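Shown below: structure_26.csv, with CSV, C-alpha atoms.
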chain,number,residue,atom,x,y,z
L,1,MET,CA,-27.3,57.6,111.1
L,2,ASN,CA,-27.6,57.2,107.3
L,3,PRO,CA,-25.2,54.6,105.9
L,4,GLY,CA,-24.5,56.8,102.9
L,5,LEU,CA,-23.5,59.7,105.2
L,6,ILE,CA,-21.1,57.3,107.1
L,7,VAL,CA,-19.5,56.3,103.8
L,8,LEU,CA,-19.1,60.0,102.9
L,9,PHE,CA,-17.4,60.8,106.2
L,10,VAL,CA,-15.0,57.9,105.9
L,11,PHE,CA,-14.2,58.9,102.3
L,12,LEU,CA,-13.7,62.5,103.3
L,13,GLY,CA,-11.5,61.4,106.2
L,14,ILE,CA,-9.3,59.3,103.9
L,15,LEU,CA,-9.2,62.1,101.4
L,16,ALA,CA,-8.1,64.6,104.1
L,17,LEU,CA,-5.4,62.2,105.3
L,18,PHE,CA,-4.2,61.8,101.8
L,19,LEU,CA,-4.0,65.5,101.3
L,20,ILE,CA,-2.2,66.0,104.6
L,21,LEU,CA,0.4,63.4,103.5
L,22,ILE,CA,0.9,65.2,100.2
L,23,VAL,CA,1.4,68.6,101.9
L,24,MET,CA,3.7,67.0,104.4
L,25,ASP,CA,5.7,65.2,101.7
L,26,VAL,CA,6.0,68.4,99.5
L,27,ALA,CA,7.2,70.4,102.6
L,28,PHE,CA,9.9,67.8,103.4
L,29,VAL,CA,11.1,67.5,99.8
L,30,PHE,CA,11.4,71.3,99.4
L,31,SER,CA,13.1,71.7,102.8
L,32,PHE,CA,15.7,69.1,101.9
L,33,LYS,CA,16.3,70.8,98.5
L,34,ARG,CA,16.9,74.1,100.4
L,35,LEU,CA,19.3,72.3,102.8
L,36,PHE,CA,21.2,70.8,99.9
L,37,LYS,CA,22.1,74.3,98.6
L,38,THR,CA,23.4,75.3,102.1
L,39,HIS,CA,25.5,72.1,102.4
L,40,LEU,CA,26.9,72.5,98.9
L,41,LYS,CA,27.9,76.1,99.5
L,42,ALA,CA,29.6,75.0,102.7
L,43,MET,CA,31.5,72.2,101.0
L,44,VAL,CA,32.7,74.5,98.3
L,45,LEU,CA,33.9,77.0,101.0
L,46,PHE,CA,35.7,74.2,102.9
L,47,LEU,CA,37.4,72.9,99.8
L,48,ASN,CA,38.7,76.4,99.0
L,49,MET,CA,39.9,76.9,102.5
L,50,LYS,CA,41.5,73.5,102.5
L,51,TYR,CA,43.3,74.4,99.3
L,52,ASP,CA,44.5,77.7,100.7
L,53,ASN,CA,45.7,76.1,103.9
L,54,ILE,CA,47.5,73.2,102.3
L,55,LYS,CA,49.2,75.6,99.9
L,56,LYS,CA,50.2,77.8,102.8
L,57,LEU,CA,51.5,74.8,104.7
L,58,MET,CA,53.5,73.8,101.6
L,59,ASP,CA,54.9,77.3,101.2
L,60,LEU,CA,55.8,77.5,104.9
L,61,MET,CA,57.7,74.2,104.7
L,62,ARG,CA,59.5,75.3,101.6
L,63,SER,CA,60.4,78.6,103.1
L,64,ASN,CA,62.0,76.7,106.1
L,65,GLY,CA,64.2,74.7,103.8
L,66,VAL,CA,62.1,71.6,103.5
L,67,LYS,CA,62.5,69.9,100.1
L,68,ILE,CA,59.1,69.4,98.5
L,69,ASP,CA,58.7,67.1,95.5
L,70,PRO,CA,58.2,69.3,92.4
L,71,GLY,CA,55.5,66.9,91.3
L,72,MET,CA,53.4,67.8,94.4
L,73,VAL,CA,53.9,71.5,93.7
L,74,ALA,CA,52.8,71.0,90.1
L,75,GLN,CA,49.8,68.9,91.3
L,76,ILE,CA,48.5,71.6,93.7
L,77,ASN,CA,49.1,74.3,91.1
L,78,ASP,CA,47.1,72.3,88.5
L,79,ILE,CA,44.0,72.5,90.7
L,80,HIS,CA,41.4,74.9,89.4
L,81,ARG,CA,39.1,76.4,92.1
L,82,GLU,CA,36.1,76.5,89.7
L,83,ASP,CA,36.2,72.7,89.8
L,84,PHE,CA,35.1,72.9,93.5
L,85,ASP,CA,31.7,74.4,92.4
L,86,ASP,CA,30.6,71.0,91.1
L,87,ILE,CA,31.0,68.8,94.1
L,88,GLU,CA,29.9,65.6,92.3
L,89,GLY,CA,31.9,66.4,89.1
L,90,LYS,CA,35.0,64.6,88.0
L,91,GLY,CA,37.3,67.6,88.4
L,92,CYS,CA,36.2,68.2,92.0
L,93,LYS,CA,36.7,64.6,92.9
L,94,ASN,CA,40.1,64.6,91.4
L,95,ALA,CA,41.0,67.9,93.1
L,96,GLN,CA,39.8,66.4,96.5
L,97,SER,CA,42.0,63.3,96.1
L,98,VAL,CA,45.0,65.4,95.1
L,99,LEU,CA,44.5,67.7,98.1
L,100,THR,CA,44.2,64.7,100.4
L,101,TYR,CA,47.3,63.1,99.0
L,102,ILE,CA,49.3,66.3,99.3
L,103,LYS,CA,48.1,66.9,102.9
L,104,GLU,CA,49.1,63.3,103.9
L,105,GLU,CA,52.5,63.6,102.3
L,106,LEU,CA,53.2,67.0,103.9
L,107,LEU,CA,52.1,65.7,107.3
L,108,TYR,CA,54.3,62.6,106.8
L,109,ILE,CA,57.3,64.8,105.9
L,110,ALA,CA,56.5,67.0,108.9
L,111,ARG,CA,56.6,64.1,111.4
L,112,GLY,CA,60.4,63.8,110.8
L,113,LEU,CA,61.1,67.5,111.3
L,114,LYS,CA,61.4,68.3,114.9
L,115,ASP,CA,62.7,71.8,114.4
L,116,LEU,CA,59.8,72.8,112.2
L,117,ARG,CA,57.2,71.3,114.6
L,118,LYS,CA,58.4,73.9,117.2
L,119,HIS,CA,57.3,76.9,115.1
L,120,GLN,CA,53.9,78.3,116.1
L,121,GLU,CA,53.0,79.2,112.6
L,122,PHE,CA,53.6,75.6,111.4
L,123,ILE,CA,51.6,74.2,114.3
L,124,THR,CA,48.7,76.6,113.5
L,125,ALA,CA,48.9,75.6,109.8
L,126,ILE,CA,48.6,71.9,110.6
L,127,GLU,CA,45.8,72.5,113.0
L,128,ASN,CA,43.9,74.5,110.4
L,129,VAL,CA,44.2,71.8,107.8
L,130,SER,CA,43.1,69.1,110.2
L,131,SER,CA,40.2,71.2,111.5
L,132,LEU,CA,39.0,71.9,108.0
L,133,GLU,CA,39.2,68.3,107.1
L,134,ASN,CA,37.0,67.4,110.1
L,135,GLN,CA,34.5,70.2,109.3
L,136,TYR,CA,34.3,69.1,105.7
L,137,ARG,CA,33.7,65.5,106.6
L,138,ASN,CA,30.9,66.6,109.0
L,139,THR,CA,29.3,68.6,106.3
L,140,ILE,CA,29.4,65.6,103.9
L,141,ALA,CA,27.9,63.4,106.6
L,142,THR,CA,25.1,65.9,107.1
L,143,TYR,CA,24.5,66.3,103.4
L,144,ASN,CA,24.4,62.5,103.0
L,145,ALA,CA,21.8,62.2,105.8
L,146,ASP,CA,19.7,64.8,104.1
L,147,VAL,CA,20.1,62.9,100.8
L,148,LEU,CA,18.7,59.8,102.5
L,149,GLY,CA,15.7,61.8,103.8
L,150,TYR,CA,15.1,63.4,100.5
L,151,ASN,CA,15.3,60.0,98.7
L,152,TYR,CA,12.8,58.6,101.2
L,153,TRP,CA,10.3,61.3,100.7
L,154,ILE,CA,10.4,61.3,96.9
L,155,SER,CA,9.9,57.5,97.1
L,156,PHE,CA,7.0,57.7,99.7
L,157,TRP,CA,4.2,55.6,98.1
L,158,PRO,CA,1.3,58.1,98.4
L,159,THR,CA,3.2,60.8,96.6
L,160,LYS,CA,5.7,58.9,94.5
L,161,TRP,CA,3.6,59.5,91.4
L,162,LEU,CA,3.9,63.3,91.9
L,163,TRP,CA,7.7,63.3,92.0
L,164,LYS,CA,7.9,61.0,88.9
L,165,LEU,CA,5.5,63.3,87.1
L,166,LEU,CA,7.8,66.3,88.0
L,167,LYS,CA,10.9,64.3,87.0
L,168,TYR,CA,12.5,64.4,90.4
L,169,GLN,CA,15.3,61.8,90.7
L,170,LYS,CA,17.0,60.3,93.7
L,171,LYS,CA,20.3,61.9,94.7
L,172,THR,CA,23.5,60.0,95.2
L,173,LEU,CA,25.6,60.1,98.3
L,174,ILE,CA,28.9,61.8,98.3
L,175,MET,CA,31.8,59.6,99.2
L,176,ASN,CA,34.9,61.0,100.7

Written form, structure tokens:
Amino acid sequence: MNPGLIVLFVFLGILALFLILIVMDVAFVFSFKRLFKTHLKAMVLFLNMKYDNIKKLMDLMRSNGVKIDPGMVAQINDIHREDFDDIEGKGCKNAQSVLTYIKEELLYIARGLKDLRKHQEFITAIENVSSLENQYRNTIATYNADVLGYNYWISFWPTKWLWKLLKYQKKTLIMN
């Protein structure tokens, strides 16, 4: 066989492998971007549901004669739902920490109220808040796993230049 033909086949093989890597990388990056949208919508939904359930738990406790610190009531009333739309924003992070603080305080108060813990509505409210917290954490863990995959594929050496050219940047993990 002609040595020039062998060199051409090797070159075409390497070029084909490079093109396959580019197509594979582009497919992974765009699939991760699609997954991000799904995870972010789920996190916004869970935060809104958590807000509603914590507020319901607080109202239920107050309607059963439990004294709730007016500062906590003011804090939950100061939360703006539109802040949840920007998961990585300062307003959302602040709202998340306030919700977690209020939830922990309400659960601490509830531990000492044996009469209230017998009401089915109260038990259901506490279970809902805890369940939403677990689902929210699972969604964050899945989002963070996808961020790691995305960051890997935009840093993949054969196609790193493409993503820099298109100004794609690494995403940060969400801490909770």

12 Å contact set for Lys114 of chain L, only C-alpha atoms, chain neighbours under 6 positions out, as a PyMOL selection string: chain L and resi 66+122-123

Just how far from atom CA of Asp52 of chain L is atom CA of Arg117 of chain L, in Å to one decimal?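 Straight-line distance from atom CA of Arg117 of chain L to atom CA of Asp52 of chain L works out to 19.9 Å.
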
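Distances here use all atoms listed in the file; by that measure, the residue among L:Val29, L:Ala141, L:Ala125, L:Ala95 closest to Gln169 of chain L is L:Val29.
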
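Minimum distance to Lys170 of chain L across L:Ile14, L:Ile87, L:Met24, L:Ile154 (counting only C-alpha atoms) occurs at L:Ile154.
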
I want to know what sits within 10 Å of Phe36 of chain L, based on only C-alpha atoms, with residues of the same chain fewer than 6 positions away left out; could you give that as a ChimeraX atom specification? /L:30,42,142-144,146-147,150

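Among the candidates L:Val98, L:Val129, L:Ile6, L:Met61, the one nearest to Asp78 of chain L when counting all atoms listed in the file is L:Val98.
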
Find the residues near Asn48 of chain L: any atom within 12 Å, counting all atoms listed in the file, skip ones fewer than 4 places away on the same chain, and give them as a PyMOL selection string. chain L and resi 41-44+52-55+79-85+87+92+95-96+99+129+132-133+136

For the residues in the current selection, export C-alpha atoms as a compact mmCIF listing (two decimals), in the frame of the given file.
# COMPACT_ATOMS: atom_id res chain seq x y z
CA LYS L 41 27.90 76.10 99.50
CA ALA L 42 29.60 75.00 102.70
CA MET L 43 31.50 72.20 101.00
CA VAL L 44 32.70 74.50 98.30
CA ASP L 52 44.50 77.70 100.70
CA ASN L 53 45.70 76.10 103.90
CA ILE L 54 47.50 73.20 102.30
CA LYS L 55 49.20 75.60 99.90
CA ILE L 79 44.00 72.50 90.70
CA HIS L 80 41.40 74.90 89.40
CA ARG L 81 39.10 76.40 92.10
CA GLU L 82 36.10 76.50 89.70
CA ASP L 83 36.20 72.70 89.80
CA PHE L 84 35.10 72.90 93.50
CA ASP L 85 31.70 74.40 92.40
CA ILE L 87 31.00 68.80 94.10
CA CYS L 92 36.20 68.20 92.00
CA ALA L 95 41.00 67.90 93.10
CA GLN L 96 39.80 66.40 96.50
CA LEU L 99 44.50 67.70 98.10
CA VAL L 129 44.20 71.80 107.80
CA LEU L 132 39.00 71.90 108.00
CA GLU L 133 39.20 68.30 107.10
CA TYR L 136 34.30 69.10 105.70

Point (61.3, 68.6, 103.2) neighbourhood (12 Å, only C-alpha atoms) written as an MDAnalysis selection string: chainID L and resid 57:70 72 105:116

Have a look at atom CA of Lys93 of chain L and atom CA of Asn128 of chain L and let me know their distance in Å, one decimal.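 So the answer is 21.4 Å.
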
Which residue gives the smallest distance to Asn138 of chain L among L:His39, L:Leu173, L:Ser97, L:Tyr168, with only C-alpha atoms counted?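 Closest candidate: L:His39.
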
Using atom CA of Ile140 of chain L and atom CA of Ile174 of chain L as the two end points, give the distance in Å to one decimal.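 Separation between atom CA of Ile140 of chain L and atom CA of Ile174 of chain L: 6.8 Å.
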